[in-house]
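Student: Here you go, this is model.cif (mmCIF, C-alpha atoms).
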```cif
data_entry
#
loop_
_atom_site.label_atom_id
_atom_site.label_comp_id
_atom_site.auth_asym_id
_atom_site.auth_seq_id
_atom_site.Cartn_x
_atom_site.Cartn_y
_atom_site.Cartn_z
CA MET A 939 -119.11 82.66 133.31
CA ASN A 940 -116.85 84.58 130.95
CA GLU A 941 -113.94 82.38 131.98
CA LEU A 942 -115.75 79.26 130.84
CA SER A 943 -117.15 80.58 127.58
CA PRO A 944 -114.29 79.20 125.39
CA LEU A 945 -115.06 75.73 126.73
CA ILE A 946 -118.82 76.08 126.34
CA HIS A 947 -118.51 77.32 122.77
CA SER A 948 -116.22 74.52 121.71
CA PHE A 949 -117.72 71.71 123.78
CA TRP A 950 -119.62 70.21 120.85
CA TYR A 951 -116.39 70.14 118.82
CA LEU A 952 -114.60 68.35 121.67
CA LEU A 953 -117.41 65.81 121.91
CA ARG A 954 -117.00 65.05 118.20
CA GLY A 955 -113.31 64.47 118.94
CA ALA A 956 -114.32 62.14 121.76
CA ALA A 957 -116.52 60.17 119.35
CA MET A 958 -113.44 59.70 117.16
CA THR A 959 -111.41 58.59 120.21
CA VAL A 960 -114.06 56.00 121.07
CA LEU A 961 -114.24 54.81 117.45
CA MET A 962 -110.45 54.45 117.31
CA ALA A 963 -110.28 52.63 120.66
CA THR A 964 -113.06 50.19 119.79
CA SER A 965 -111.55 49.50 116.36
CA ALA A 966 -108.24 48.67 118.03
CA VAL A 967 -109.50 46.70 121.02
CA ALA A 968 -111.30 43.98 119.03
CA PRO A 969 -108.31 42.77 116.97
CA ALA A 970 -106.01 43.28 119.98
CA THR A 971 -108.17 40.96 122.09
CA ILE A 972 -108.39 38.23 119.46
CA LEU A 973 -104.65 38.39 118.78
CA GLY A 974 -103.97 38.50 122.53
CA ILE A 975 -105.90 35.26 123.13
CA LEU A 976 -104.17 33.59 120.17
CA LEU A 977 -100.75 34.68 121.47
CA ALA A 978 -101.55 33.39 124.97
CA LEU A 979 -102.67 30.00 123.63
CA SER A 980 -99.71 29.67 121.26
CA TYR A 981 -97.36 30.58 124.09
CA LEU A 982 -98.80 27.89 126.35
CA PHE A 983 -99.43 25.12 123.82
CA GLY A 984 -97.32 25.99 120.78
CA SER A 985 -93.98 24.56 119.71
CA ARG A 986 -90.75 25.71 121.34
CA LEU A 987 -89.97 27.87 118.30
CA MET A 988 -93.35 29.56 118.51
CA ARG A 989 -92.80 30.19 122.19
CA SER A 990 -89.41 31.84 121.69
CA ALA A 991 -90.83 33.99 118.89
CA ILE A 992 -93.59 35.22 121.23
CA ILE A 993 -91.11 35.86 124.06
CA GLY A 994 -89.09 38.00 121.64
CA TYR A 995 -92.21 39.88 120.58
CA LEU A 996 -93.23 40.55 124.20
CA PHE A 997 -89.69 41.75 124.99
CA LEU A 998 -89.77 44.24 122.12
CA ILE A 999 -93.23 45.58 122.95
CA ARG A 1000 -92.51 45.82 126.68
CA GLY A 1001 -89.34 47.80 126.05
CA ILE A 1002 -90.25 50.23 123.27
CA PRO A 1003 -92.65 53.15 123.82
CA LEU A 1004 -95.84 53.14 121.74
CA LEU A 1005 -95.04 56.67 120.60
CA VAL A 1006 -91.78 55.48 118.99
CA LEU A 1007 -93.66 52.79 117.03
CA LEU A 1008 -96.43 55.18 115.99
CA THR A 1009 -93.93 57.76 114.75
CA PHE A 1010 -91.92 55.04 113.02
CA VAL A 1011 -94.98 53.84 111.09
CA TYR A 1012 -95.88 57.45 110.30
CA TYR A 1013 -92.51 57.98 108.60
CA LEU A 1014 -92.34 54.45 107.22
CA MET A 1015 -95.64 54.31 105.34
CA PRO A 1016 -94.70 56.81 102.62
CA LEU A 1017 -91.25 55.18 102.27
CA THR A 1018 -92.56 51.67 101.73
CA GLY A 1019 -95.50 52.79 99.62
CA ILE A 1020 -98.05 51.06 101.87
CA ASP A 1021 -101.21 52.90 100.95
CA LEU A 1022 -103.24 52.58 104.14
CA PRO A 1023 -105.42 55.38 105.49
CA PRO A 1024 -103.63 56.86 108.56
CA PHE A 1025 -106.58 55.88 110.76
CA TRP A 1026 -106.09 52.19 109.99
CA GLY A 1027 -102.32 52.58 110.23
CA VAL A 1028 -102.50 53.70 113.87
CA VAL A 1029 -105.26 51.20 114.67
CA VAL A 1030 -102.97 48.39 113.47
CA VAL A 1031 -100.04 49.67 115.57
CA ILE A 1032 -102.16 50.12 118.71
CA SER A 1033 -103.73 46.65 118.31
CA LEU A 1034 -100.37 44.94 117.83
CA TYR A 1035 -99.01 46.81 120.85
CA TYR A 1036 -101.87 46.03 123.21
CA ALA A 1037 -102.20 42.42 121.98
CA ALA A 1038 -98.90 41.75 123.76
CA PHE A 1039 -100.16 43.05 127.12
CA ILE A 1040 -103.56 41.37 126.69
CA SER A 1041 -101.87 38.05 125.98
CA GLU A 1042 -99.98 38.25 129.28
CA VAL A 1043 -103.21 38.90 131.16
CA PHE A 1044 -104.97 35.93 129.51
CA ARG A 1045 -101.95 33.69 130.01
CA ALA A 1046 -101.96 34.55 133.72
CA GLY A 1047 -105.71 33.78 133.81
CA ILE A 1048 -105.21 30.34 132.24
CA LEU A 1049 -102.26 29.51 134.52
CA ALA A 1050 -104.22 30.60 137.60
CA LEU A 1051 -106.71 27.76 137.16
CA PRO A 1052 -106.02 24.77 139.42
CA GLN A 1053 -104.54 21.67 137.76
CA ALA A 1054 -107.61 19.72 138.95
CA GLN A 1055 -109.69 21.43 136.26
CA TRP A 1056 -107.45 20.01 133.55
CA ASP A 1057 -107.36 16.58 135.19
CA ALA A 1058 -111.14 16.49 135.56
CA ALA A 1059 -111.67 17.44 131.92
CA ARG A 1060 -109.11 14.88 130.75
CA SER A 1061 -110.69 12.13 132.86
CA LEU A 1062 -113.94 12.78 131.01
CA GLY A 1063 -112.09 11.95 127.80
CA MET A 1064 -112.19 15.46 126.36
CA THR A 1065 -109.83 16.48 123.58
CA ARG A 1066 -107.62 19.49 124.27
CA GLY A 1067 -109.74 21.73 122.02
CA LEU A 1068 -112.91 20.78 123.83
CA MET A 1069 -111.27 21.22 127.26
CA LEU A 1070 -110.20 24.72 126.34
CA GLN A 1071 -113.54 25.57 124.83
CA ILE A 1072 -115.92 24.46 127.57
CA VAL A 1073 -113.80 24.14 130.73
CA ILE A 1074 -110.65 26.25 130.73
CA LEU A 1075 -111.34 29.38 128.67
CA PRO A 1076 -114.72 30.30 130.21
CA GLN A 1077 -113.14 30.31 133.68
CA ALA A 1078 -109.81 31.81 132.63
CA LEU A 1079 -111.46 34.68 130.76
CA ARG A 1080 -113.53 35.50 133.83
CA LEU A 1081 -110.37 35.59 135.99
CA ALA A 1082 -108.60 37.76 133.43
CA ALA A 1083 -111.49 40.19 132.99
CA PRO A 1084 -110.54 42.82 135.63
CA PRO A 1085 -106.92 43.34 134.47
CA TYR A 1086 -108.20 43.19 130.87
CA VAL A 1087 -110.52 46.12 131.57
CA SER A 1088 -107.62 48.14 133.05
CA LEU A 1089 -105.75 47.52 129.81
CA CYS A 1090 -108.76 48.84 127.90
CA VAL A 1091 -108.61 52.03 129.98
CA SER A 1092 -104.91 52.29 129.17
CA LEU A 1093 -105.71 51.78 125.47
CA VAL A 1094 -108.27 54.60 125.45
CA LYS A 1095 -105.66 56.89 127.02
CA ALA A 1096 -103.03 55.73 124.54
CA THR A 1097 -105.16 56.85 121.58
CA SER A 1098 -104.28 60.43 122.62
CA LEU A 1099 -100.76 59.77 121.25
CA VAL A 1100 -102.01 59.65 117.66
CA SER A 1101 -102.52 63.41 117.84
CA ILE A 1102 -98.71 63.71 117.81
CA VAL A 1103 -98.59 62.04 114.39
CA GLY A 1104 -101.35 64.33 113.15
CA LEU A 1105 -104.55 62.34 113.50
CA TRP A 1106 -107.71 64.05 114.58
CA GLU A 1107 -109.36 62.88 117.79
CA LEU A 1108 -110.12 64.41 121.19
CA THR A 1109 -106.56 65.51 122.05
CA MET A 1110 -105.96 66.99 118.59
CA ALA A 1111 -109.37 68.70 118.71
CA SER A 1112 -108.55 70.27 122.09
CA ARG A 1113 -105.18 71.49 120.79
CA GLU A 1114 -106.88 73.11 117.81
CA VAL A 1115 -109.37 74.86 120.07
CA VAL A 1116 -106.54 76.07 122.34
CA GLU A 1117 -104.72 77.56 119.38
CA ARG A 1118 -107.87 79.43 118.43
CA THR A 1119 -109.08 80.54 121.87
CA LEU A 1120 -105.78 80.76 123.82
CA ALA A 1121 -107.53 79.25 126.84
CA PRO A 1122 -105.44 76.15 127.58
CA PHE A 1123 -106.60 75.69 131.17
CA GLN A 1124 -110.31 75.55 130.43
CA ILE A 1125 -110.04 73.52 127.24
CA PHE A 1126 -107.58 70.90 128.48
CA ILE A 1127 -109.55 70.48 131.70
CA GLY A 1128 -112.65 70.01 129.54
CA ALA A 1129 -110.85 67.39 127.43
CA ALA A 1130 -109.55 65.69 130.59
CA ALA A 1131 -113.12 65.61 131.96
CA ILE A 1132 -114.37 63.86 128.80
CA TYR A 1133 -111.54 61.32 128.94
CA PHE A 1134 -112.32 60.81 132.62
CA CYS A 1135 -115.99 60.06 131.88
CA ILE A 1136 -115.02 57.40 129.33
CA CYS A 1137 -112.19 55.82 131.36
CA TYR A 1138 -113.81 55.98 134.78
CA THR A 1139 -116.95 54.27 133.48
CA LEU A 1140 -114.73 51.47 132.16
CA ALA A 1141 -112.76 51.36 135.41
CA LEU A 1142 -115.96 51.08 137.49
CA TYR A 1143 -117.10 48.21 135.28
CA GLY A 1144 -113.71 46.57 135.87
CA ARG A 1145 -114.12 46.95 139.63
CA HIS A 1146 -117.57 45.40 139.39
CA LEU A 1147 -116.12 42.40 137.53
CA GLU A 1148 -113.34 42.13 140.10
CA ARG A 1149 -115.85 41.93 142.93
CA ARG A 1150 -117.68 39.15 141.06
CA VAL A 1151 -114.44 37.21 140.63
CA LEU A 1152 -113.62 37.58 144.33
CA LEU A 1153 -117.09 36.35 145.29
CA GLY A 1154 -116.51 33.35 143.05
CA HIS A 1155 -119.48 33.63 140.70
CA MET B 674 -78.74 55.09 102.52
CA PRO B 675 -79.31 52.90 105.58
CA PHE B 676 -76.41 51.76 107.79
CA ASP B 677 -73.92 54.35 106.66
CA PRO B 678 -71.11 54.15 109.26
CA HIS B 679 -70.30 57.87 109.09
CA PHE B 680 -73.91 58.74 109.77
CA ILE B 681 -74.16 56.27 112.64
CA ALA B 682 -70.98 57.67 114.18
CA ARG B 683 -72.67 61.08 114.39
CA LEU B 684 -76.06 59.66 115.38
CA ILE B 685 -74.99 57.67 118.44
CA PRO B 686 -73.66 60.60 120.54
CA ALA B 687 -76.79 62.61 119.74
CA LEU B 688 -79.10 59.80 120.84
CA LEU B 689 -77.03 59.20 123.98
CA GLU B 690 -77.39 62.87 124.86
CA GLY B 691 -81.15 62.36 124.62
CA ALA B 692 -80.86 59.21 126.69
CA GLU B 693 -79.24 61.25 129.45
CA VAL B 694 -82.33 63.48 129.63
CA THR B 695 -84.62 60.43 129.51
CA VAL B 696 -82.72 58.79 132.37
CA GLU B 697 -82.76 61.96 134.47
CA LEU B 698 -86.48 62.42 133.92
CA ALA B 699 -87.36 58.78 134.56
CA GLY B 700 -85.01 58.49 137.56
CA LEU B 701 -86.39 61.60 139.24
CA THR B 702 -89.96 60.47 138.53
CA VAL B 703 -89.37 57.04 140.06
CA ALA B 704 -87.62 58.51 143.12
CA ILE B 705 -90.34 61.09 143.76
CA CYS B 706 -93.19 58.65 143.11
CA LEU B 707 -91.79 56.07 145.56
CA VAL B 708 -92.22 58.64 148.35
CA TRP B 709 -95.28 60.49 147.05
CA GLY B 710 -97.13 57.25 146.23
CA LEU B 711 -96.56 55.90 149.74
CA PHE B 712 -97.85 59.14 151.20
CA VAL B 713 -100.99 58.97 149.04
CA ALA B 714 -101.54 55.29 149.86
CA LEU B 715 -101.26 55.94 153.61
CA ALA B 716 -103.56 58.98 153.32
CA TYR B 717 -106.08 56.79 151.48
CA GLY B 718 -105.92 54.27 154.31
CA VAL B 719 -106.96 56.63 157.12
CA SER B 720 -110.64 57.49 157.42
CA GLY B 721 -111.91 61.01 156.92
CA PRO B 722 -111.67 63.75 154.28
CA LEU B 723 -107.97 63.07 153.61
CA SER B 724 -108.86 59.60 152.39
CA TRP B 725 -111.53 61.06 150.13
CA VAL B 726 -109.06 63.54 148.60
CA ALA B 727 -106.46 60.79 148.06
CA GLY B 728 -109.08 58.54 146.41
CA ALA B 729 -110.27 61.32 144.09
CA TYR B 730 -106.66 62.13 143.18
CA ILE B 731 -105.89 58.50 142.32
CA GLN B 732 -108.96 58.16 140.10
CA LEU B 733 -108.46 61.52 138.39
CA VAL B 734 -104.84 60.99 137.38
CA ARG B 735 -105.30 57.34 136.41
CA ASN B 736 -108.27 57.97 134.17
CA THR B 737 -106.95 60.85 132.07
CA PRO B 738 -104.15 60.62 129.48
CA LEU B 739 -100.63 61.71 130.44
CA LEU B 740 -100.47 63.80 127.26
CA ILE B 741 -103.44 65.96 128.35
CA GLN B 742 -101.85 66.37 131.78
CA LEU B 743 -98.61 67.46 130.11
CA TYR B 744 -100.39 70.06 127.98
CA LEU B 745 -102.36 71.26 130.98
CA VAL B 746 -99.21 71.83 133.01
CA TYR B 747 -97.05 73.20 130.19
CA PHE B 748 -99.51 75.49 128.39
CA GLY B 749 -101.98 76.04 131.24
CA PHE B 750 -99.42 77.19 133.79
CA SER B 751 -97.63 79.51 131.40
CA MET B 752 -100.99 81.11 130.53
CA ALA B 753 -101.68 81.58 134.24
CA GLY B 754 -98.38 83.46 134.59
CA PHE B 755 -96.05 80.95 136.22
CA GLY B 756 -94.63 79.07 133.28
CA LEU B 757 -92.50 76.00 133.93
CA SER B 758 -89.76 74.73 131.63
CA GLY B 759 -90.53 71.72 129.44
CA PHE B 760 -88.46 69.47 131.70
CA ALA B 761 -90.16 70.69 134.89
CA SER B 762 -93.62 70.38 133.33
CA GLY B 763 -92.79 66.87 132.16
CA LEU B 764 -91.53 65.91 135.59
CA LEU B 765 -94.63 67.33 137.30
CA ALA B 766 -97.06 65.56 134.96
CA LEU B 767 -95.15 62.26 135.09
CA CYS B 768 -95.07 62.37 138.90
CA ALA B 769 -98.75 63.32 139.11
CA GLN B 770 -99.88 60.44 136.93
CA ASN B 771 -97.50 57.76 138.15
CA GLY B 772 -97.99 58.79 141.78
CA GLY B 773 -101.56 57.52 141.37
CA TYR B 774 -100.37 54.18 139.99
CA VAL B 775 -97.66 53.75 142.63
CA ALA B 776 -100.17 54.57 145.38
CA GLU B 777 -102.41 51.77 144.09
CA ILE B 778 -99.43 49.38 144.13
CA TYR B 779 -98.65 50.26 147.76
CA ARG B 780 -102.33 49.96 148.65
CA GLY B 781 -102.41 46.45 147.18
CA GLY B 782 -99.29 45.62 149.19
CA LEU B 783 -100.77 46.99 152.43
CA GLN B 784 -103.99 45.05 151.88
CA SER B 785 -102.06 41.84 151.36
CA VAL B 786 -100.63 42.05 154.90
CA SER B 787 -102.84 39.97 157.17
CA ILE B 788 -104.96 41.89 159.68
CA ARG B 789 -103.46 39.61 162.36
CA GLN B 790 -100.09 41.31 161.88
CA PHE B 791 -101.69 44.62 162.90
CA ASP B 792 -103.44 42.96 165.85
CA ALA B 793 -100.27 41.22 167.00
CA GLY B 794 -98.27 44.46 166.87
CA ARG B 795 -100.92 46.29 168.83
CA ALA B 796 -101.14 43.48 171.37
CA LEU B 797 -97.42 43.96 171.99
CA GLY B 798 -98.18 47.59 172.82
CA MET B 799 -96.47 49.03 169.73
CA ARG B 800 -97.22 52.57 168.73
CA ARG B 801 -98.51 53.10 165.19
CA TRP B 802 -95.13 54.42 163.95
CA THR B 803 -93.21 51.44 165.38
CA LEU B 804 -95.85 49.03 164.10
CA TYR B 805 -95.61 50.37 160.56
CA THR B 806 -91.83 50.77 160.37
CA THR B 807 -90.86 47.47 161.98
CA VAL B 808 -93.71 45.08 161.15
CA ILE B 809 -95.94 46.20 158.29
CA LEU B 810 -93.79 48.14 155.81
CA PRO B 811 -90.91 45.63 155.64
CA GLN B 812 -93.45 43.03 154.43
CA VAL B 813 -95.06 45.47 152.02
CA VAL B 814 -91.72 46.46 150.47
CA ALA B 815 -90.89 42.87 149.53
CA ARG B 816 -94.27 42.38 147.85
CA VAL B 817 -94.38 45.63 145.89
CA ILE B 818 -90.97 45.32 144.20
CA PRO B 819 -92.21 43.35 141.13
CA PRO B 820 -95.12 45.71 140.32
CA LEU B 821 -92.91 48.73 141.06
CA THR B 822 -90.34 47.38 138.59
CA ASN B 823 -93.06 47.16 135.93
CA GLN B 824 -94.18 50.69 136.75
CA SER B 825 -90.61 51.98 136.43
CA ILE B 826 -90.39 50.40 132.98
CA ALA B 827 -93.70 52.08 132.08
CA ILE B 828 -92.29 55.40 133.36
CA ILE B 829 -89.22 55.10 131.12
CA LYS B 830 -91.53 54.54 128.15
CA ASP B 831 -93.86 57.35 129.24
CA THR B 832 -91.02 59.88 129.20
CA SER B 833 -91.14 59.68 125.39
CA GLN B 834 -94.36 61.74 125.54
CA VAL B 835 -92.55 64.86 126.78
CA ALA B 836 -91.24 65.13 123.21
CA ALA B 837 -94.65 66.75 122.57
CA ILE B 838 -93.58 69.73 124.69
CA ALA B 839 -90.17 69.94 123.01
CA VAL B 840 -87.93 68.40 125.69
CA MET B 841 -84.82 67.07 123.93
CA GLU B 842 -85.00 63.47 125.11
CA ILE B 843 -84.62 60.35 122.93
CA MET B 844 -87.97 60.67 121.14
CA LYS B 845 -87.57 64.35 120.27
CA ILE B 846 -84.00 63.83 119.06
CA THR B 847 -85.24 60.90 116.97
CA GLU B 848 -87.85 63.14 115.35
CA VAL B 849 -85.36 65.92 114.66
CA TRP B 850 -82.83 63.53 113.13
CA VAL B 851 -85.42 61.78 110.98
CA GLU B 852 -86.71 65.11 109.70
CA THR B 853 -83.25 66.47 108.89
CA SER B 854 -81.47 63.33 107.63
CA ALA B 855 -84.26 61.20 106.13
CA ASN B 856 -82.34 58.19 107.46
CA THR B 857 -85.51 56.76 108.99
CA TYR B 858 -84.35 53.19 109.63
CA ASP B 859 -81.05 54.00 111.36
CA VAL B 860 -82.50 56.61 113.64
CA PHE B 861 -85.50 54.56 114.76
CA LEU B 862 -83.42 51.43 115.19
CA GLY B 863 -80.99 53.39 117.39
CA ALA B 864 -83.81 54.89 119.47
CA ALA B 865 -85.54 51.52 119.89
CA LEU B 866 -82.27 49.87 120.98
CA ILE B 867 -81.61 52.56 123.59
CA TYR B 868 -85.13 52.23 125.00
CA LEU B 869 -84.77 48.44 125.09
CA ALA B 870 -81.43 48.78 126.90
CA LEU B 871 -82.85 51.23 129.47
CA THR B 872 -85.98 49.16 130.19
CA SER B 873 -83.91 45.96 130.39
CA ILE B 874 -81.57 47.58 132.91
CA ALA B 875 -84.60 48.65 134.97
CA GLY B 876 -85.89 45.07 134.82
CA VAL B 877 -82.58 43.62 135.97
CA VAL B 878 -82.26 46.16 138.82
CA GLY B 879 -85.78 45.20 139.93
CA LYS B 880 -84.94 41.47 139.87
CA LEU B 881 -81.72 42.05 141.84
CA THR B 882 -83.56 44.14 144.45
CA GLU B 883 -86.15 41.40 144.75
CA ARG B 884 -83.49 38.76 145.27
CA TRP B 885 -81.55 40.93 147.70
CA LEU B 886 -84.68 41.58 149.80
CA ALA B 887 -85.60 37.88 149.83
CA PHE B 888 -82.07 37.17 151.03
CA ALA B 889 -82.13 39.95 153.67
CA GLN B 890 -85.35 38.72 155.25
#
```
If you convert what's in this file into structure tokens, what do you get?
Tutor:
Amino acid sequence: MNELSPLIHSFWYLLRGAAMTVLMATSAVAPATILGILLALSYLFGSRLMRSAIIGYLFLIRGIPLLVLLTFVYYLMPLTGIDLPPFWGVVVVISLYYAAFISEVFRAGILALPQAQWDAARSLGMTRGLMLQIVILPQALRLAAPPYVSLCVSLVKATSLVSIVGLWELTMASREVVERTLAPFQIFIGAAAIYFCICYTLALYGRHLERRVLLGH
Amino acid sequence: MPFDPHFIARLIPALLEGAEVTVELAGLTVAICLVWGLFVALAYGVSGPLSWVAGAYIQLVRNTPLLIQLYLVYFGFSMAGFGLSGFASGLLALCAQNGGYVAEIYRGGLQSVSIRQFDAGRALGMRRWTLYTTVILPQVVARVIPPLTNQSIAIIKDTSQVAAIAVMEIMKITEVWVETSANTYDVFLGAALIYLALTSIAGVVGKLTERWLAFAQ
């Protein structure tokens, strides 16, 4: 029991860190999703210029680590005099980063629909906006849901990186406790267990959605 | 002052030295994970306790952040009396996490092979080893190259996180140079360009392998 006492004593502190992690992840996932859908639609239906701009954006995001961008913004904000609270600074970076991956998932979902769906909607005289709204997007979003949920898991894990630029959440909280208690094994396993509870719940939900897609509901 | 040629002349060799560490770390991780992931995927496929252990391993590593795994290995092991160097800890954590992802990629590939292929092989009286090496795995390899390429790109980006345990790869060198020179823009631009070059090379190698395999079959 003695071995576990550092973890038991600091567990409440770690849970407060986890609440911050969840708050950060949910604040980032909403704008990332909206931007992701907009990027996917502009890629598919926008002008050629728009399309090349998005391809360039995806290339940059796919090739540069999130940590590099987070650190860049951390050093950049004082230089440019942008007076944003650090919390919102990292939320903006994480949303912009994940919007790129989310857009690819939604684009794949839209492209996976058979051409007959478009033809059927057009033969009913629908405008493109209406087609998207009531025929294409409802089906495409359902197809894209399982990979979208895996991206959400990845986003929750990625919030741990903000501890490197000095923000307080679960990973930072666990490092603080380790410095105080000198019990890295117990504390980091505790933190990993909390992350696991959050991410595995999401992953199970994703698997449930996947099964529904495969069954065709 | 940004874009000072004398500064850039000193910066580039330093960043390239970091790139060497990044490439070593990412290359070793990819090589080890290709073997380890296949082992885990095959273990998951057989029935019995081995499958249960492989499944638990996959879920555990995929649903906890790499950064926590890094801290656990680096600080935890040294506390337990067998400390590993930063590089070795980074390699271990990167392989542990990505082994789970690569195993899932192989599993997807194995599942995509029709059950009739297994039946046909068995009907010809093949032993399991012959069946796998001559019929099943050649088909799996061709299908897993694109997702494995993406995973390799993710691994290159993930190596930036070992900066947190003071391994002198690109990210850590970037931090050191920004702190000491205050030439934020140059240093980050250089780091971003090197990461983009490395991930693009990985992408091209993946595409070439894909084409070569399609040609060979």
Student: Near chain B, which residues of chain A fall within 9 Å when you count only C-alpha atoms, and what do they look like as a CSV table (one decimal) with C-alpha atoms, in the coordinates of the input?
Tutor:
```
chain,number,residue,atom,x,y,z
A,997,PHE,CA,-89.7,41.8,125.0
A,998,LEU,CA,-89.8,44.2,122.1
A,1000,ARG,CA,-92.5,45.8,126.7
A,1001,GLY,CA,-89.3,47.8,126.0
A,1002,ILE,CA,-90.2,50.2,123.3
A,1003,PRO,CA,-92.6,53.2,123.8
A,1004,LEU,CA,-95.8,53.1,121.7
A,1005,LEU,CA,-95.0,56.7,120.6
A,1006,VAL,CA,-91.8,55.5,119.0
A,1007,LEU,CA,-93.7,52.8,117.0
A,1009,THR,CA,-93.9,57.8,114.8
A,1010,PHE,CA,-91.9,55.0,113.0
A,1013,TYR,CA,-92.5,58.0,108.6
A,1014,LEU,CA,-92.3,54.4,107.2
A,1017,LEU,CA,-91.2,55.2,102.3
A,1091,VAL,CA,-108.6,52.0,130.0
A,1092,SER,CA,-104.9,52.3,129.2
A,1094,VAL,CA,-108.3,54.6,125.4
A,1095,LYS,CA,-105.7,56.9,127.0
A,1096,ALA,CA,-103.0,55.7,124.5
A,1097,THR,CA,-105.2,56.8,121.6
A,1098,SER,CA,-104.3,60.4,122.6
A,1099,LEU,CA,-100.8,59.8,121.2
A,1102,ILE,CA,-98.7,63.7,117.8
A,1109,THR,CA,-106.6,65.5,122.0
A,1113,ARG,CA,-105.2,71.5,120.8
A,1120,LEU,CA,-105.8,80.8,123.8
A,1121,ALA,CA,-107.5,79.2,126.8
A,1122,PRO,CA,-105.4,76.2,127.6
A,1123,PHE,CA,-106.6,75.7,131.2
A,1124,GLN,CA,-110.3,75.6,130.4
A,1125,ILE,CA,-110.0,73.5,127.2
A,1126,PHE,CA,-107.6,70.9,128.5
A,1127,ILE,CA,-109.6,70.5,131.7
A,1129,ALA,CA,-110.8,67.4,127.4
A,1130,ALA,CA,-109.6,65.7,130.6
A,1131,ALA,CA,-113.1,65.6,132.0
A,1132,ILE,CA,-114.4,63.9,128.8
A,1133,TYR,CA,-111.5,61.3,128.9
A,1134,PHE,CA,-112.3,60.8,132.6
A,1135,CYS,CA,-116.0,60.1,131.9
A,1136,ILE,CA,-115.0,57.4,129.3
A,1137,CYS,CA,-112.2,55.8,131.4
A,1138,TYR,CA,-113.8,56.0,134.8
A,1141,ALA,CA,-112.8,51.4,135.4
```
Student: So what does the PyMOL selection byres ((chain A and resi 981) around 10) actually pick up in this one, as a ChimeraX atom specification?
Tutor: /A:975-980,982-993,1041-1042,1045
Student: Quote the spacing between CA of Ser825 in chain B and CA of Leu688 in chain B in Å to one decimal place.
Tutor: 20.9 Å
Student: Hey, can you check how far CA of Ser758 in chain B sits from CA of Met841 in chain B?
Tutor: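 CA of Met841 in chain B lies at a distance of 11.9 Å from CA of Ser758 in chain B.
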Student: Can you turn the PyMOL selection byres ((chain A and resi 1023-1030) around 9) into a concrete residue list for this file, as a PyMOL selection string?
Tutor: chain A and resi 962-963+965-967+969-970+1008+1011-1012+1015+1021-1022+1031-1035+1097+1100+1105
Student: Taking all listed atoms of range 1021-1024 of chain A, build the axis-aligned box, pad each of the six sides by 5 Å, then write its centre and edge lengths in Å to one decimal as lines of an AutoDock Vina configuration file.
Tutor:
```
center_x = -103.3
center_y = 54.7
center_z = 104.8
size_x = 14.2
size_y = 14.3
size_z = 17.6
```
Student: Since I can't run it myself right now, could you work out what the PyMOL selection byres ((chain B and resi 680) around 12) selects here and report it as a tab-separated table (two decimals) with C-alpha atoms, in the coordinates of the input?
Tutor:
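Written file, out_16.tsv:
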```tsv
chain	number	residue	atom	x	y	z
B	674	MET	CA	-78.74	55.09	102.52
B	675	PRO	CA	-79.31	52.90	105.58
B	676	PHE	CA	-76.41	51.76	107.79
B	677	ASP	CA	-73.92	54.35	106.66
B	678	PRO	CA	-71.11	54.15	109.26
B	679	HIS	CA	-70.30	57.87	109.09
B	681	ILE	CA	-74.16	56.27	112.64
B	682	ALA	CA	-70.98	57.67	114.18
B	683	ARG	CA	-72.67	61.08	114.39
B	684	LEU	CA	-76.06	59.66	115.38
B	685	ILE	CA	-74.99	57.67	118.44
B	686	PRO	CA	-73.66	60.60	120.54
B	687	ALA	CA	-76.79	62.61	119.74
B	850	TRP	CA	-82.83	63.53	113.13
B	851	VAL	CA	-85.42	61.78	110.98
B	854	SER	CA	-81.47	63.33	107.63
B	855	ALA	CA	-84.26	61.20	106.13
B	856	ASN	CA	-82.34	58.19	107.46
B	857	THR	CA	-85.51	56.76	108.99
B	858	TYR	CA	-84.35	53.19	109.63
B	859	ASP	CA	-81.05	54.00	111.36
B	860	VAL	CA	-82.50	56.61	113.64
B	863	GLY	CA	-80.99	53.39	117.39
```
Student: Quick one: of B:Gly879, B:Gly763, B:Gly721, B:Gly773, who's nearest to Thr822 in chain B, counting all atoms listed in the file?
Tutor: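 Using all atoms listed in the file, the shortest distance to Thr822 in chain B belongs to B:Gly879.
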Student: For Leu1051 in chain A, which residue out of A:Arg1066, A:His947, A:His1146, A:Arg1080 is the nearest one, using only C-alpha atoms?
Tutor: A:Arg1080
Student: Pick out the closest residue to Ala1059 in chain A from this set: A:Leu1108, A:Ile999, A:Val1073, A:Val1116. Count all atoms listed in the file.
Tutor: A:Val1073
Student: Counting only C-alpha atoms, which residue out of B:Ile809, B:Leu764, B:Ile818, B:Val708 sits closest to Leu881 in chain B?
Tutor: B:Ile818
Student: Excluding same-chain residues fewer than 6 positions from Gly794 in chain B, what lies within 10 Å of it counting only C-alpha atoms, as a ChimeraX atom specification?
Tutor: /B:800-801,803-805,807-809
Student: What gap, in Å, lies between CA of Leu1075 in chain A and CA of Leu1142 in chain A?
Tutor: 23.9 Å
Student: Restricting the calculation to all atoms listed in the file: of B:Ile846, B:Leu711, B:Val835, B:Leu765, which residue gets closest to Arg780 in chain B?
Tutor: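 Closest residue, counting all atoms listed in the file: B:Leu711.
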Student: Considering only C-alpha atoms, can you say which of B:Asn771, B:Thr702, B:Gln784, B:Thr882 comes closest to Leu715 in chain B?
Tutor: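 Answer, going by the shortest atom-to-atom distance: B:Gln784.
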Student: Excluding range 723-727 of chain B and any residue of its chain fewer than 6 positions from it, enumerate the residues within 8 Å of it, using all atoms listed in the file, and give them as a tab-separated table (two decimals) with C-alpha atoms, keeping the file's coordinate frame.
Tutor:
```
chain	number	residue	atom	x	y	z
B	713	VAL	CA	-100.99	58.97	149.04
B	714	ALA	CA	-101.54	55.29	149.86
B	716	ALA	CA	-103.56	58.98	153.32
B	717	TYR	CA	-106.08	56.79	151.48
```
